[in-house]
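Student: Just one file: protein.cif, with mmCIF, N, CA, C and O atoms.
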data_input
loop_
_atom_site.group_PDB
_atom_site.id
_atom_site.type_symbol
_atom_site.label_atom_id
_atom_site.label_comp_id
_atom_site.auth_asym_id
_atom_site.auth_seq_id
_atom_site.Cartn_x
_atom_site.Cartn_y
_atom_site.Cartn_z
ATOM 1 N N MET M 5 90.742 107.917 59.815
ATOM 2 C CA MET M 5 91.167 108.112 61.203
ATOM 3 C C MET M 5 90.162 107.474 62.166
ATOM 4 O O MET M 5 90.530 106.898 63.168
ATOM 5 N N GLU M 6 88.866 107.550 61.820
ATOM 6 C CA GLU M 6 87.869 107.033 62.758
ATOM 7 C C GLU M 6 87.950 105.514 62.929
ATOM 8 O O GLU M 6 87.914 105.026 64.050
ATOM 9 N N PRO M 7 88.079 104.727 61.847
ATOM 10 C CA PRO M 7 88.191 103.275 62.031
ATOM 11 C C PRO M 7 89.391 102.913 62.909
ATOM 12 O O PRO M 7 89.296 102.043 63.769
ATOM 13 N N PHE M 8 90.506 103.619 62.710
ATOM 14 C CA PHE M 8 91.691 103.350 63.519
ATOM 15 C C PHE M 8 91.391 103.603 65.001
ATOM 16 O O PHE M 8 91.763 102.831 65.869
ATOM 17 N N ALA M 9 90.660 104.686 65.269
ATOM 18 C CA ALA M 9 90.344 105.025 66.661
ATOM 19 C C ALA M 9 89.464 103.949 67.278
ATOM 20 O O ALA M 9 89.703 103.501 68.394
ATOM 21 N N SER M 10 88.453 103.510 66.539
ATOM 22 C CA SER M 10 87.554 102.504 67.097
ATOM 23 C C SER M 10 88.307 101.189 67.311
ATOM 24 O O SER M 10 88.123 100.514 68.319
ATOM 25 N N VAL M 11 89.189 100.833 66.376
ATOM 26 C CA VAL M 11 89.958 99.589 66.524
ATOM 27 C C VAL M 11 90.863 99.684 67.741
ATOM 28 O O VAL M 11 90.972 98.755 68.525
ATOM 29 N N SER M 12 91.514 100.838 67.924
ATOM 30 C CA SER M 12 92.428 100.966 69.060
ATOM 31 C C SER M 12 91.639 100.905 70.373
ATOM 32 O O SER M 12 92.098 100.332 71.344
ATOM 33 N N ILE M 13 90.437 101.483 70.378
ATOM 34 C CA ILE M 13 89.627 101.437 71.603
ATOM 35 C C ILE M 13 89.222 100.003 71.894
ATOM 36 O O ILE M 13 89.281 99.537 73.036
ATOM 37 N N ASP M 14 88.831 99.268 70.854
ATOM 38 C CA ASP M 14 88.463 97.863 71.061
ATOM 39 C C ASP M 14 89.666 97.073 71.576
ATOM 40 O O ASP M 14 89.549 96.271 72.493
ATOM 41 N N ALA M 15 90.822 97.305 70.959
ATOM 42 C CA ALA M 15 92.016 96.580 71.386
ATOM 43 C C ALA M 15 92.359 96.937 72.834
ATOM 44 O O ALA M 15 92.730 96.073 73.620
ATOM 45 N N LEU M 16 92.211 98.210 73.167
ATOM 46 C CA LEU M 16 92.506 98.639 74.538
ATOM 47 C C LEU M 16 91.537 97.978 75.513
ATOM 48 O O LEU M 16 91.939 97.521 76.587
ATOM 49 N N ALA M 17 90.267 97.889 75.143
ATOM 50 C CA ALA M 17 89.277 97.255 76.015
ATOM 51 C C ALA M 17 89.616 95.771 76.201
ATOM 52 O O ALA M 17 89.581 95.261 77.312
ATOM 53 N N GLU M 18 89.950 95.103 75.105
ATOM 54 C CA GLU M 18 90.303 93.681 75.214
ATOM 55 C C GLU M 18 91.542 93.511 76.095
ATOM 56 O O GLU M 18 91.607 92.627 76.929
ATOM 57 N N PHE M 19 92.529 94.390 75.887
ATOM 58 C CA PHE M 19 93.759 94.322 76.672
ATOM 59 C C PHE M 19 93.452 94.526 78.157
ATOM 60 O O PHE M 19 93.944 93.797 79.016
ATOM 61 N N THR M 20 92.595 95.511 78.454
ATOM 62 C CA THR M 20 92.257 95.790 79.854
ATOM 63 C C THR M 20 91.530 94.611 80.476
ATOM 64 O O THR M 20 91.824 94.207 81.603
ATOM 65 N N VAL M 21 90.584 94.035 79.738
ATOM 66 C CA VAL M 21 89.841 92.885 80.271
ATOM 67 C C VAL M 21 90.792 91.714 80.494
ATOM 68 O O VAL M 21 90.700 91.005 81.497
ATOM 69 N N GLY M 22 91.725 91.522 79.563
ATOM 70 C CA GLY M 22 92.679 90.433 79.717
ATOM 71 C C GLY M 22 93.540 90.620 80.959
ATOM 72 O O GLY M 22 93.744 89.690 81.728
ATOM 73 N N ILE M 23 94.020 91.841 81.169
ATOM 74 C CA ILE M 23 94.847 92.115 82.347
ATOM 75 C C ILE M 23 94.019 91.927 83.614
ATOM 76 O O ILE M 23 94.482 91.338 84.592
ATOM 77 N N ALA M 24 92.776 92.412 83.597
ATOM 78 C CA ALA M 24 91.932 92.309 84.787
ATOM 79 C C ALA M 24 91.665 90.850 85.127
ATOM 80 O O ALA M 24 91.743 90.452 86.284
ATOM 81 N N SER M 25 91.366 90.045 84.110
ATOM 82 C CA SER M 25 91.091 88.630 84.386
ATOM 83 C C SER M 25 92.360 87.928 84.851
ATOM 84 O O SER M 25 92.315 87.070 85.723
ATOM 85 N N LEU M 26 93.504 88.322 84.285
ATOM 86 C CA LEU M 26 94.767 87.719 84.703
ATOM 87 C C LEU M 26 95.041 88.042 86.175
ATOM 88 O O LEU M 26 95.383 87.167 86.971
ATOM 89 N N LEU M 27 94.860 89.317 86.542
ATOM 90 C CA LEU M 27 95.084 89.704 87.935
ATOM 91 C C LEU M 27 94.070 89.014 88.837
ATOM 92 O O LEU M 27 94.411 88.548 89.929
ATOM 93 N N GLY M 28 92.805 88.929 88.386
ATOM 94 C CA GLY M 28 91.785 88.259 89.177
ATOM 95 C C GLY M 28 92.094 86.787 89.363
ATOM 96 O O GLY M 28 91.647 86.168 90.317
ATOM 97 N N PHE M 29 92.872 86.214 88.437
ATOM 98 C CA PHE M 29 93.242 84.808 88.560
ATOM 99 C C PHE M 29 94.473 84.643 89.445
ATOM 100 O O PHE M 29 94.570 83.680 90.205
ATOM 101 N N ILE M 30 95.402 85.607 89.388
ATOM 102 C CA ILE M 30 96.670 85.471 90.108
ATOM 103 C C ILE M 30 96.527 85.904 91.565
ATOM 104 O O ILE M 30 97.005 85.217 92.462
ATOM 105 N N PHE M 31 95.856 87.031 91.807
ATOM 106 C CA PHE M 31 95.836 87.579 93.166
ATOM 107 C C PHE M 31 95.199 86.635 94.185
ATOM 108 O O PHE M 31 95.746 86.465 95.273
ATOM 109 N N PRO M 32 94.049 85.995 93.876
ATOM 110 C CA PRO M 32 93.492 85.067 94.875
ATOM 111 C C PRO M 32 94.444 83.925 95.198
ATOM 112 O O PRO M 32 94.519 83.495 96.353
ATOM 113 N N GLN M 33 95.184 83.443 94.214
ATOM 114 C CA GLN M 33 96.140 82.366 94.490
ATOM 115 C C GLN M 33 97.225 82.852 95.442
ATOM 116 O O GLN M 33 97.605 82.161 96.375
ATOM 117 N N ILE M 34 97.740 84.074 95.202
ATOM 118 C CA ILE M 34 98.773 84.617 96.096
ATOM 119 C C ILE M 34 98.204 84.797 97.497
ATOM 120 O O ILE M 34 98.840 84.437 98.493
ATOM 121 N N ALA M 35 96.984 85.332 97.579
ATOM 122 C CA ALA M 35 96.382 85.573 98.890
ATOM 123 C C ALA M 35 96.152 84.260 99.619
ATOM 124 O O ALA M 35 96.456 84.138 100.809
ATOM 125 N N VAL M 36 95.621 83.263 98.925
ATOM 126 C CA VAL M 36 95.361 81.970 99.558
ATOM 127 C C VAL M 36 96.671 81.331 100.010
ATOM 128 O O VAL M 36 96.765 80.776 101.105
ATOM 129 N N THR M 37 97.703 81.432 99.170
ATOM 130 C CA THR M 37 98.981 80.816 99.524
ATOM 131 C C THR M 37 99.584 81.487 100.762
ATOM 132 O O THR M 37 100.015 80.806 101.697
ATOM 133 N N SER M 38 99.586 82.818 100.775
ATOM 134 C CA SER M 38 100.174 83.509 101.925
ATOM 135 C C SER M 38 99.340 83.256 103.178
ATOM 136 O O SER M 38 99.888 83.079 104.270
ATOM 137 N N TYR M 39 98.012 83.212 103.032
ATOM 138 C CA TYR M 39 97.154 82.941 104.198
ATOM 139 C C TYR M 39 97.405 81.530 104.722
ATOM 140 O O TYR M 39 97.488 81.323 105.931
ATOM 141 N N ALA M 40 97.552 80.563 103.804
ATOM 142 C CA ALA M 40 97.813 79.188 104.235
ATOM 143 C C ALA M 40 99.154 79.110 104.967
ATOM 144 O O ALA M 40 99.274 78.449 106.000
ATOM 145 N N LYS M 41 100.171 79.806 104.450
ATOM 146 C CA LYS M 41 101.469 79.815 105.128
ATOM 147 C C LYS M 41 101.348 80.427 106.527
ATOM 148 O O LYS M 41 101.910 79.926 107.494
ATOM 149 N N TYR M 42 100.590 81.520 106.625
ATOM 150 C CA TYR M 42 100.413 82.180 107.915
ATOM 151 C C TYR M 42 99.715 81.253 108.907
ATOM 152 O O TYR M 42 100.144 81.106 110.052
ATOM 153 N N VAL M 43 98.633 80.589 108.444
ATOM 154 C CA VAL M 43 97.914 79.672 109.331
ATOM 155 C C VAL M 43 98.819 78.517 109.736
ATOM 156 O O VAL M 43 98.844 78.098 110.897
ATOM 157 N N TYR M 44 99.581 78.004 108.781
ATOM 158 C CA TYR M 44 100.473 76.877 109.071
ATOM 159 C C TYR M 44 101.511 77.274 110.112
ATOM 160 O O TYR M 44 101.789 76.535 111.054
ATOM 161 N N LYS M 45 102.076 78.480 109.967
ATOM 162 C CA LYS M 45 103.084 78.936 110.928
ATOM 163 C C LYS M 45 102.459 79.107 112.305
ATOM 164 O O LYS M 45 103.054 78.731 113.317
ATOM 165 N N SER M 46 101.263 79.697 112.363
ATOM 166 C CA SER M 46 100.642 79.920 113.663
ATOM 167 C C SER M 46 100.297 78.587 114.318
ATOM 168 O O SER M 46 100.449 78.418 115.524
ATOM 169 N N LEU M 47 99.859 77.604 113.511
ATOM 170 C CA LEU M 47 99.555 76.282 114.081
ATOM 171 C C LEU M 47 100.837 75.644 114.595
ATOM 172 O O LEU M 47 100.860 75.057 115.673
ATOM 173 N N GLN M 48 101.913 75.763 113.839
ATOM 174 C CA GLN M 48 103.197 75.215 114.289
ATOM 175 C C GLN M 48 103.611 75.870 115.599
ATOM 176 O O GLN M 48 104.092 75.228 116.523
ATOM 177 N N ARG M 49 103.415 77.174 115.691
ATOM 178 C CA ARG M 49 103.821 77.909 116.889
ATOM 179 C C ARG M 49 102.996 77.427 118.085
ATOM 180 O O ARG M 49 103.517 77.267 119.191
ATOM 181 N N GLU M 50 101.688 77.177 117.870
ATOM 182 C CA GLU M 50 100.849 76.737 118.975
ATOM 183 C C GLU M 50 101.203 75.311 119.405
ATOM 184 O O GLU M 50 101.202 74.989 120.572
ATOM 185 N N ASN M 51 101.502 74.456 118.419
ATOM 186 C CA ASN M 51 101.740 73.045 118.732
ATOM 187 C C ASN M 51 103.169 72.785 119.198
ATOM 188 O O ASN M 51 103.450 71.703 119.710
ATOM 189 N N SER M 52 104.063 73.742 118.978
ATOM 190 C CA SER M 52 105.452 73.483 119.364
ATOM 191 C C SER M 52 105.566 73.478 120.900
ATOM 192 O O SER M 52 104.973 74.317 121.563
ATOM 193 N N PRO M 53 106.316 72.559 121.454
ATOM 194 C CA PRO M 53 106.475 72.518 122.918
ATOM 195 C C PRO M 53 107.246 73.742 123.411
ATOM 196 O O PRO M 53 108.276 74.120 122.841
ATOM 197 N N LYS M 54 106.744 74.359 124.455
ATOM 198 C CA LYS M 54 107.380 75.576 124.946
ATOM 199 C C LYS M 54 108.545 75.202 125.873
ATOM 200 O O LYS M 54 108.400 74.318 126.714
ATOM 201 N N PRO M 55 109.635 75.869 125.762
ATOM 202 C CA PRO M 55 110.816 75.574 126.599
ATOM 203 C C PRO M 55 110.592 75.971 128.058
ATOM 204 O O PRO M 55 109.847 76.886 128.321
#
Go through the file and emit its structure as structure tokens.
Tutor:
Amino acid sequence: MEPFASVSIDALAEFTVGIASLLGFIFPQIAVTSYAKYVYKSLQRENSPKP
């Protein structure tokens, strides 16, 4: 029973690290993309001729 427990804990740790690194890789891209869209829209709004 003990080897199984240690293996499952190791697998769980690897799984958690994998998920964390995946999220750490995905979230900054989403944040940068949404921020770039926001800046682009605000620049368009400023540069657009007002009626």
Student: Figure out the distance between atom C of Leu27 (chain M) and atom N of Ser46 (chain M), please, to one decimal in Å.
Tutor: 26.3 Å
Student: How many Å lie between CA of Tyr39 (chain M) and CA of Gly22 (chain M), rounded to one decimal?
Tutor: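 CA of Gly22 (chain M) lies 26.0 Å from CA of Tyr39 (chain M).
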Student: Quote the spacing between atom C of Phe31 (chain M) and atom N of Tyr44 (chain M) in Å to one decimal place.
Tutor: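 Atom-to-atom, atom C of Phe31 (chain M) and atom N of Tyr44 (chain M) are spaced 17.5 Å apart.
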Student: How big is the axis-aligned box, and where does its centre sit, when it encloses all atoms of region 34-40 of chain M listed in the file and has 8 Å added on every side, reported in Å to one decimal as lines of an AutoDock Vina configuration file?
Tutor:
center_x = 97.8
center_y = 82.0
center_z = 100.6
size_x = 20.8
size_y = 23.1
size_z = 26.8
